[in-house]
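Engineer: Sharing upload39.csv here; it has CSV, C-alpha atoms.
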```
chain,number,residue,atom,x,y,z
C,19,MET,CA,88.9,179.2,86.9
C,20,ILE,CA,88.1,176.3,89.1
C,21,PHE,CA,84.3,175.9,89.5
C,22,PRO,CA,82.6,174.3,92.5
C,23,ALA,CA,81.5,170.7,92.1
C,24,SER,CA,77.8,171.8,91.7
C,25,THR,CA,78.7,173.9,88.7
C,26,GLU,CA,80.8,171.2,87.1
C,27,THR,CA,78.0,168.7,87.6
C,28,LEU,CA,75.5,171.0,85.9
C,29,ALA,CA,77.9,171.8,83.1
C,30,ALA,CA,78.5,168.1,82.4
C,31,GLU,CA,74.8,167.5,82.4
C,32,VAL,CA,74.3,170.3,79.9
C,33,ILE,CA,77.0,168.9,77.6
C,34,ASN,CA,75.6,165.4,77.9
C,35,GLU,CA,72.0,166.4,77.1
C,36,LEU,CA,73.0,168.6,74.2
C,37,THR,CA,75.3,165.9,72.8
C,38,LYS,CA,72.6,163.2,73.1
C,39,ARG,CA,70.3,165.5,71.1
C,40,GLY,CA,72.9,166.6,68.6
C,41,MET,CA,72.4,170.2,69.6
C,42,MET,CA,74.9,173.1,69.5
C,43,LEU,CA,74.9,176.0,72.0
C,44,VAL,CA,76.0,179.6,71.8
C,45,MET,CA,76.3,182.0,74.7
C,46,ALA,CA,75.8,185.8,74.9
C,47,GLU,CA,77.2,186.9,78.2
C,48,SER,CA,77.3,190.3,79.9
C,49,CYS,CA,77.6,190.2,83.7
C,50,THR,CA,79.3,186.8,83.7
C,51,GLY,CA,82.0,187.9,81.2
C,52,GLY,CA,82.3,184.4,79.6
C,53,LEU,CA,82.0,182.3,82.8
C,54,ILE,CA,79.2,180.2,81.3
C,55,ALA,CA,81.4,179.3,78.3
C,56,GLY,CA,84.3,178.7,80.8
C,57,ALA,CA,82.2,176.3,82.9
C,58,LEU,CA,81.0,174.4,79.9
C,59,THR,CA,84.4,174.1,78.3
C,60,GLU,CA,85.9,172.7,81.5
C,61,ILE,CA,84.1,169.5,80.5
C,62,SER,CA,86.0,167.2,78.3
C,63,GLY,CA,84.3,166.7,75.0
C,64,SER,CA,82.4,170.0,75.2
C,65,SER,CA,83.3,170.8,71.6
C,66,THR,CA,80.5,168.4,70.6
C,67,ALA,CA,77.9,170.8,72.0
C,68,VAL,CA,79.5,174.3,72.5
C,69,HIS,CA,79.7,176.4,69.4
C,70,GLY,CA,81.2,179.5,71.1
C,71,GLY,CA,80.1,182.7,72.7
C,72,PHE,CA,79.9,186.4,72.7
C,73,VAL,CA,81.0,188.5,75.7
C,74,THR,CA,78.8,191.6,75.3
C,75,TYR,CA,79.8,193.6,78.3
C,76,ALA,CA,79.3,197.0,76.8
C,77,ASN,CA,76.1,198.2,75.2
C,78,ARG,CA,77.9,198.7,71.9
C,79,ALA,CA,79.0,195.0,72.0
C,80,LYS,CA,75.4,193.9,72.6
C,81,GLN,CA,74.5,195.8,69.4
C,82,ASP,CA,77.4,194.8,67.3
C,83,MET,CA,77.7,191.2,68.2
C,84,THR,CA,74.1,190.1,68.9
C,85,GLY,CA,72.1,192.7,67.1
C,86,VAL,CA,70.4,194.3,70.2
C,87,PRO,CA,68.6,197.3,68.8
C,88,ALA,CA,69.7,200.7,70.1
C,89,SER,CA,66.1,201.5,70.8
C,90,THR,CA,65.8,198.4,73.1
C,91,LEU,CA,68.8,199.6,75.1
C,92,ALA,CA,67.5,203.2,75.2
C,93,ASN,CA,63.9,202.2,76.1
C,94,PHE,CA,64.6,199.4,78.6
C,95,GLY,CA,68.3,199.4,79.5
C,96,ALA,CA,71.0,196.8,79.3
C,97,VAL,CA,69.6,194.9,82.3
C,98,SER,CA,66.1,194.0,81.1
C,99,GLU,CA,64.0,191.2,79.7
C,100,GLN,CA,63.9,192.8,76.3
C,101,THR,CA,67.7,193.1,76.1
C,102,ALA,CA,68.2,189.5,77.3
C,103,ARG,CA,65.7,188.2,74.7
C,104,ALA,CA,67.4,190.2,72.0
C,105,MET,CA,70.8,189.0,73.0
C,106,ALA,CA,69.7,185.3,72.9
C,107,GLU,CA,67.8,185.6,69.6
C,108,GLY,CA,70.6,187.6,68.0
C,109,ALA,CA,73.3,185.1,69.1
C,110,LEU,CA,71.2,182.2,67.8
C,111,LYS,CA,70.8,183.9,64.5
C,112,SER,CA,74.4,184.9,64.2
C,113,ALA,CA,75.8,181.5,65.1
C,114,ASP,CA,73.1,179.5,63.3
C,115,VAL,CA,73.0,176.9,66.0
C,116,ASP,CA,70.2,175.1,67.9
C,117,ILE,CA,70.1,177.0,71.2
C,118,ALA,CA,71.4,180.2,72.7
C,119,VAL,CA,71.5,181.4,76.3
C,120,ALA,CA,72.0,185.1,77.3
C,121,VAL,CA,72.5,186.8,80.6
C,122,THR,CA,72.6,190.5,81.5
C,123,GLY,CA,72.5,191.8,85.1
C,124,VAL,CA,74.0,193.9,87.8
C,125,ALA,CA,76.8,191.9,89.6
C,126,GLY,CA,78.0,194.9,91.7
C,127,PRO,CA,79.3,196.0,93.9
C,128,GLY,CA,78.1,199.3,92.4
C,129,GLY,CA,75.8,200.0,89.5
C,130,GLY,CA,72.5,199.1,91.2
C,131,SER,CA,69.4,201.3,91.5
C,132,PRO,CA,66.1,200.8,93.2
C,133,GLU,CA,64.6,199.6,89.9
C,134,LYS,CA,67.6,197.4,89.1
C,135,PRO,CA,69.3,196.4,92.3
C,136,VAL,CA,72.7,194.6,92.6
C,137,GLY,CA,72.0,191.0,92.1
C,138,LEU,CA,69.2,191.4,89.5
C,139,VAL,CA,69.9,189.2,86.4
C,140,HIS,CA,67.8,188.6,83.3
C,141,PHE,CA,68.2,185.3,81.5
C,142,ALA,CA,67.0,184.3,78.1
C,143,CYS,CA,67.2,181.0,76.3
C,144,ALA,CA,66.3,180.9,72.6
C,145,THR,CA,65.6,178.1,70.2
C,146,LYS,CA,64.3,178.4,66.6
C,147,CYS,CA,60.8,177.9,68.0
C,148,GLU,CA,60.7,180.1,71.2
C,149,THR,CA,62.5,182.2,73.7
C,150,THR,CA,62.2,181.6,77.4
C,151,HIS,CA,62.9,184.5,79.9
C,152,LEU,CA,63.8,184.2,83.5
C,153,ARG,CA,64.3,187.1,86.0
C,154,ARG,CA,66.2,186.4,89.2
C,155,GLU,CA,67.1,188.7,92.1
C,156,PHE,CA,70.0,187.0,93.9
C,157,GLY,CA,70.5,189.9,96.3
C,158,ASP,CA,73.7,191.7,97.1
C,159,LEU,CA,75.7,188.5,97.7
C,160,GLY,CA,79.0,190.0,96.4
C,161,ARG,CA,80.2,190.1,92.8
C,162,ASP,CA,81.7,186.6,92.7
C,163,ALA,CA,78.7,184.9,94.3
C,164,ILE,CA,76.3,186.7,91.9
C,165,ARG,CA,78.3,185.7,88.9
C,166,LEU,CA,78.5,182.1,90.0
C,167,ALA,CA,74.8,181.9,90.8
C,168,THR,CA,74.1,183.3,87.4
C,169,VAL,CA,76.2,180.6,85.7
C,170,GLU,CA,74.4,177.9,87.6
C,171,GLN,CA,71.0,179.4,86.9
C,172,ALA,CA,71.9,179.7,83.2
C,173,LEU,CA,72.9,176.0,83.0
C,174,GLU,CA,69.7,175.0,84.7
C,175,LEU,CA,67.7,177.1,82.2
C,176,ILE,CA,69.5,175.4,79.3
C,177,LEU,CA,68.6,172.0,80.7
C,178,GLN,CA,65.0,173.0,81.2
C,179,VAL,CA,64.7,174.3,77.6
C,180,VAL,CA,66.4,171.3,76.1
C,181,ALA,CA,64.1,169.0,78.1
C,182,ASP,CA,61.1,170.8,76.5
C,183,GLN,CA,62.4,170.2,73.0
C,184,PRO,CA,60.5,167.6,70.9
```
I'd like the structure from this file rewritten - as structure tokens, please.

Structural biologist:
Amino acid sequence: MIFPASTETLAAEVINELTKRGMMLVMAESCTGGLIAGALTEISGSSTAVHGGFVTYANRAKQDMTGVPASTLANFGAVSEQTARAMAEGALKSADVDIAVAVTGVAGPGGGSPEKPVGLVHFACATKCETTHLRREFGDLGRDAIRLATVEQALELILQVVADQP
């Protein structure tokens, strides 16, 4: 996939910041289906900062790959703060790296509800010290636009969390 210049710029900045700090990143992606990893690995030299990723599209994959408890999915649903946090923390633990980012949302065109509309995405970024959560409602922009906005927001969140590291 060819990403817009704004996405490539953000991805390059993430790789640069992680590399400068000697940090490795893992992704746990649901609604983006691996696009965050794709954007980052478009950058030459990304292997210095990208460990890999989990595409956890199905609930079972969220459980099997990142250890999201079945009770979390049953009580809060796949698109929730609790699930995003569990995905990030589970990916971090499984990969044994410095930082993890996770996204779970409703990209559409269907699948939305009044409580969880199309365009709702939960983000989590975990380090060994803390997990940061972000909720965004992009609106019903269309599937491609929601997924791209999610990639860019995830990259911005990684930069924010990395900047806050000692």

Engineer: For each of C:Met83, C:Ile61, C:Val139, C:Val121, take the minimum atom-to-atom distance to C:Thr27, counting all atoms listed in the file, then give the residue where this is smallest.

Structural biologist: C:Ile61

Engineer: Give me the residues near C:Thr149 as a ChimeraX atom specification, where near means some atom within 7 Å (using only C-alpha atoms) and where sequence neighbours in that chain fewer than 6 positions away do not count.

Structural biologist: /C:103,142-143

Engineer: Looking at C:Leu28, C:Val86, C:Ala172, C:Ala55, which one is nearest to C:Lys111, with distances taken over only C-alpha atoms?

Structural biologist: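 Of the candidates, the smallest distance to C:Lys111 is held by C:Val86.
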
Engineer: Between C:Leu43, C:Ala167, C:Leu173, C:Ala79, which is the closest to C:Gly137 once you count all atoms listed in the file?

Structural biologist: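 Checking each of C:Leu43, C:Ala167, C:Leu173, C:Ala79 against C:Gly137, counting all atoms listed in the file, the winner is C:Ala167.
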
Engineer: Have a look at C:Thr50, C:Gln178, C:Asn77, C:Thr66 and name the one nearest to C:Ile164; count only C-alpha atoms.

Structural biologist: C:Thr50

Engineer: Between C:Thr168, C:Gln100, C:Ser131, C:Gln183, which residue has the minimum interatomic distance to C:Thr145, considering all atoms listed in the file?

Structural biologist: C:Gln183

Engineer: Hey, which of C:Val136, C:Ala76, C:Ala104, C:Met41 ends up closest to C:Thr90? Count all atoms listed in the file.

Structural biologist: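 Looking only at the distances to C:Thr90, the closest residue turns out to be C:Ala104.
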
Engineer: If I put a ball of radius 12 Å at (70.3, 173.2, 82.9) in the file's coordinates, which residues poke into it when counting only C-alpha atoms, written as JSON, numbers by chain?

Structural biologist: {"C": [24, 25, 26, 27, 28, 29, 30, 31, 32, 33, 34, 35, 36, 54, 58, 119, 143, 168, 169, 170, 171, 172, 173, 174, 175, 176, 177, 178, 179, 180, 181, 182]}

Engineer: Write out the residues from the selection above, keeping C-alpha atoms, as a PDB file, keeping the file's coordinate frame.

Structural biologist:
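And here's part_5.pdb as it stands now:
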```pdb
ATOM      1  CA  SER C  24      77.800 171.800  91.700  1.00  0.00           C
ATOM      2  CA  THR C  25      78.700 173.900  88.700  1.00  0.00           C
ATOM      3  CA  GLU C  26      80.800 171.200  87.100  1.00  0.00           C
ATOM      4  CA  THR C  27      78.000 168.700  87.600  1.00  0.00           C
ATOM      5  CA  LEU C  28      75.500 171.000  85.900  1.00  0.00           C
ATOM      6  CA  ALA C  29      77.900 171.800  83.100  1.00  0.00           C
ATOM      7  CA  ALA C  30      78.500 168.100  82.400  1.00  0.00           C
ATOM      8  CA  GLU C  31      74.800 167.500  82.400  1.00  0.00           C
ATOM      9  CA  VAL C  32      74.300 170.300  79.900  1.00  0.00           C
ATOM     10  CA  ILE C  33      77.000 168.900  77.600  1.00  0.00           C
ATOM     11  CA  ASN C  34      75.600 165.400  77.900  1.00  0.00           C
ATOM     12  CA  GLU C  35      72.000 166.400  77.100  1.00  0.00           C
ATOM     13  CA  LEU C  36      73.000 168.600  74.200  1.00  0.00           C
ATOM     14  CA  ILE C  54      79.200 180.200  81.300  1.00  0.00           C
ATOM     15  CA  LEU C  58      81.000 174.400  79.900  1.00  0.00           C
ATOM     16  CA  VAL C 119      71.500 181.400  76.300  1.00  0.00           C
ATOM     17  CA  CYS C 143      67.200 181.000  76.300  1.00  0.00           C
ATOM     18  CA  THR C 168      74.100 183.300  87.400  1.00  0.00           C
ATOM     19  CA  VAL C 169      76.200 180.600  85.700  1.00  0.00           C
ATOM     20  CA  GLU C 170      74.400 177.900  87.600  1.00  0.00           C
ATOM     21  CA  GLN C 171      71.000 179.400  86.900  1.00  0.00           C
ATOM     22  CA  ALA C 172      71.900 179.700  83.200  1.00  0.00           C
ATOM     23  CA  LEU C 173      72.900 176.000  83.000  1.00  0.00           C
ATOM     24  CA  GLU C 174      69.700 175.000  84.700  1.00  0.00           C
ATOM     25  CA  LEU C 175      67.700 177.100  82.200  1.00  0.00           C
ATOM     26  CA  ILE C 176      69.500 175.400  79.300  1.00  0.00           C
ATOM     27  CA  LEU C 177      68.600 172.000  80.700  1.00  0.00           C
ATOM     28  CA  GLN C 178      65.000 173.000  81.200  1.00  0.00           C
ATOM     29  CA  VAL C 179      64.700 174.300  77.600  1.00  0.00           C
ATOM     30  CA  VAL C 180      66.400 171.300  76.100  1.00  0.00           C
ATOM     31  CA  ALA C 181      64.100 169.000  78.100  1.00  0.00           C
ATOM     32  CA  ASP C 182      61.100 170.800  76.500  1.00  0.00           C
TER      33      ASP C 182
END
```

Engineer: Residues at most 9 Å from C:Leu53, counting all atoms listed in the file, excluding those fewer than 4 positions away in the same chain, as a list in words?

Structural biologist: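 In the requested format, the answer is Met19, Glu47, Ala57, Leu58, Arg165, Leu166 and Val169 of chain C.
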
Engineer: Between atom CA of C:Ala163 and atom CA of C:Ala125, what is the distance in Å, rounded to a tenth?

Structural biologist: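 Taking atom CA of C:Ala163 as the start and atom CA of C:Ala125 as the end point, the length is 8.6 Å.
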
Engineer: Could stretch 43-61 of chain C be completed with N, CA and C atoms and written as a PDB file, keeping the file's coordinate frame, please?

Structural biologist:
```
ATOM      1  N   LEU C  43      75.210 174.839  71.149  1.00  0.00           N
ATOM      2  CA  LEU C  43      74.900 176.000  72.000  1.00  0.00           C
ATOM      3  C   LEU C  43      75.794 177.150  71.744  1.00  0.00           C
ATOM      4  N   VAL C  44      75.233 178.346  71.798  1.00  0.00           N
ATOM      5  CA  VAL C  44      76.000 179.600  71.800  1.00  0.00           C
ATOM      6  C   VAL C  44      75.595 180.398  73.006  1.00  0.00           C
ATOM      7  N   MET C  45      76.529 181.143  73.569  1.00  0.00           N
ATOM      8  CA  MET C  45      76.300 182.000  74.700  1.00  0.00           C
ATOM      9  C   MET C  45      76.427 183.457  74.342  1.00  0.00           C
ATOM     10  N   ALA C  46      75.595 184.306  74.961  1.00  0.00           N
ATOM     11  CA  ALA C  46      75.800 185.800  74.900  1.00  0.00           C
ATOM     12  C   ALA C  46      75.791 186.222  76.353  1.00  0.00           C
ATOM     13  N   GLU C  47      76.965 186.612  76.822  1.00  0.00           N
ATOM     14  CA  GLU C  47      77.200 186.900  78.200  1.00  0.00           C
ATOM     15  C   GLU C  47      77.547 188.339  78.491  1.00  0.00           C
ATOM     16  N   SER C  48      76.868 188.947  79.434  1.00  0.00           N
ATOM     17  CA  SER C  48      77.300 190.300  79.900  1.00  0.00           C
ATOM     18  C   SER C  48      77.853 190.200  81.266  1.00  0.00           C
ATOM     19  N   CYS C  49      77.036 190.114  82.299  1.00  0.00           N
ATOM     20  CA  CYS C  49      77.600 190.200  83.700  1.00  0.00           C
ATOM     21  C   CYS C  49      78.466 189.030  84.062  1.00  0.00           C
ATOM     22  N   THR C  50      78.414 187.923  83.343  1.00  0.00           N
ATOM     23  CA  THR C  50      79.300 186.800  83.700  1.00  0.00           C
ATOM     24  C   THR C  50      80.608 186.846  82.892  1.00  0.00           C
ATOM     25  N   GLY C  51      80.711 187.676  81.897  1.00  0.00           N
ATOM     26  CA  GLY C  51      82.000 187.900  81.200  1.00  0.00           C
ATOM     27  C   GLY C  51      82.609 186.633  80.619  1.00  0.00           C
ATOM     28  N   GLY C  52      81.817 185.661  80.227  1.00  0.00           N
ATOM     29  CA  GLY C  52      82.300 184.400  79.600  1.00  0.00           C
ATOM     30  C   GLY C  52      82.420 183.247  80.555  1.00  0.00           C
ATOM     31  N   LEU C  53      81.948 183.400  81.782  1.00  0.00           N
ATOM     32  CA  LEU C  53      82.000 182.300  82.800  1.00  0.00           C
ATOM     33  C   LEU C  53      81.155 181.102  82.386  1.00  0.00           C
ATOM     34  N   ILE C  54      80.033 181.336  81.708  1.00  0.00           N
ATOM     35  CA  ILE C  54      79.200 180.200  81.300  1.00  0.00           C
ATOM     36  C   ILE C  54      79.977 179.359  80.294  1.00  0.00           C
ATOM     37  N   ALA C  55      80.567 180.019  79.319  1.00  0.00           N
ATOM     38  CA  ALA C  55      81.400 179.300  78.300  1.00  0.00           C
ATOM     39  C   ALA C  55      82.557 178.610  79.057  1.00  0.00           C
ATOM     40  N   GLY C  56      83.154 179.279  80.028  1.00  0.00           N
ATOM     41  CA  GLY C  56      84.300 178.700  80.800  1.00  0.00           C
ATOM     42  C   GLY C  56      83.837 177.438  81.520  1.00  0.00           C
ATOM     43  N   ALA C  57      82.681 177.477  82.163  1.00  0.00           N
ATOM     44  CA  ALA C  57      82.200 176.300  82.900  1.00  0.00           C
ATOM     45  C   ALA C  57      81.934 175.141  81.947  1.00  0.00           C
ATOM     46  N   LEU C  58      81.330 175.436  80.806  1.00  0.00           N
ATOM     47  CA  LEU C  58      81.000 174.400  79.900  1.00  0.00           C
ATOM     48  C   LEU C  58      82.268 173.781  79.226  1.00  0.00           C
ATOM     49  N   THR C  59      83.235 174.626  78.914  1.00  0.00           N
ATOM     50  CA  THR C  59      84.400 174.100  78.300  1.00  0.00           C
ATOM     51  C   THR C  59      85.426 173.487  79.232  1.00  0.00           C
ATOM     52  N   GLU C  60      85.120 173.522  80.529  1.00  0.00           N
ATOM     53  CA  GLU C  60      85.900 172.700  81.500  1.00  0.00           C
ATOM     54  C   GLU C  60      85.607 171.251  81.322  1.00  0.00           C
ATOM     55  N   ILE C  61      84.488 170.933  80.656  1.00  0.00           N
ATOM     56  CA  ILE C  61      84.100 169.500  80.500  1.00  0.00           C
ATOM     57  C   ILE C  61      84.720 168.959  79.248  1.00  0.00           C
TER      58      ILE C  61
END
```
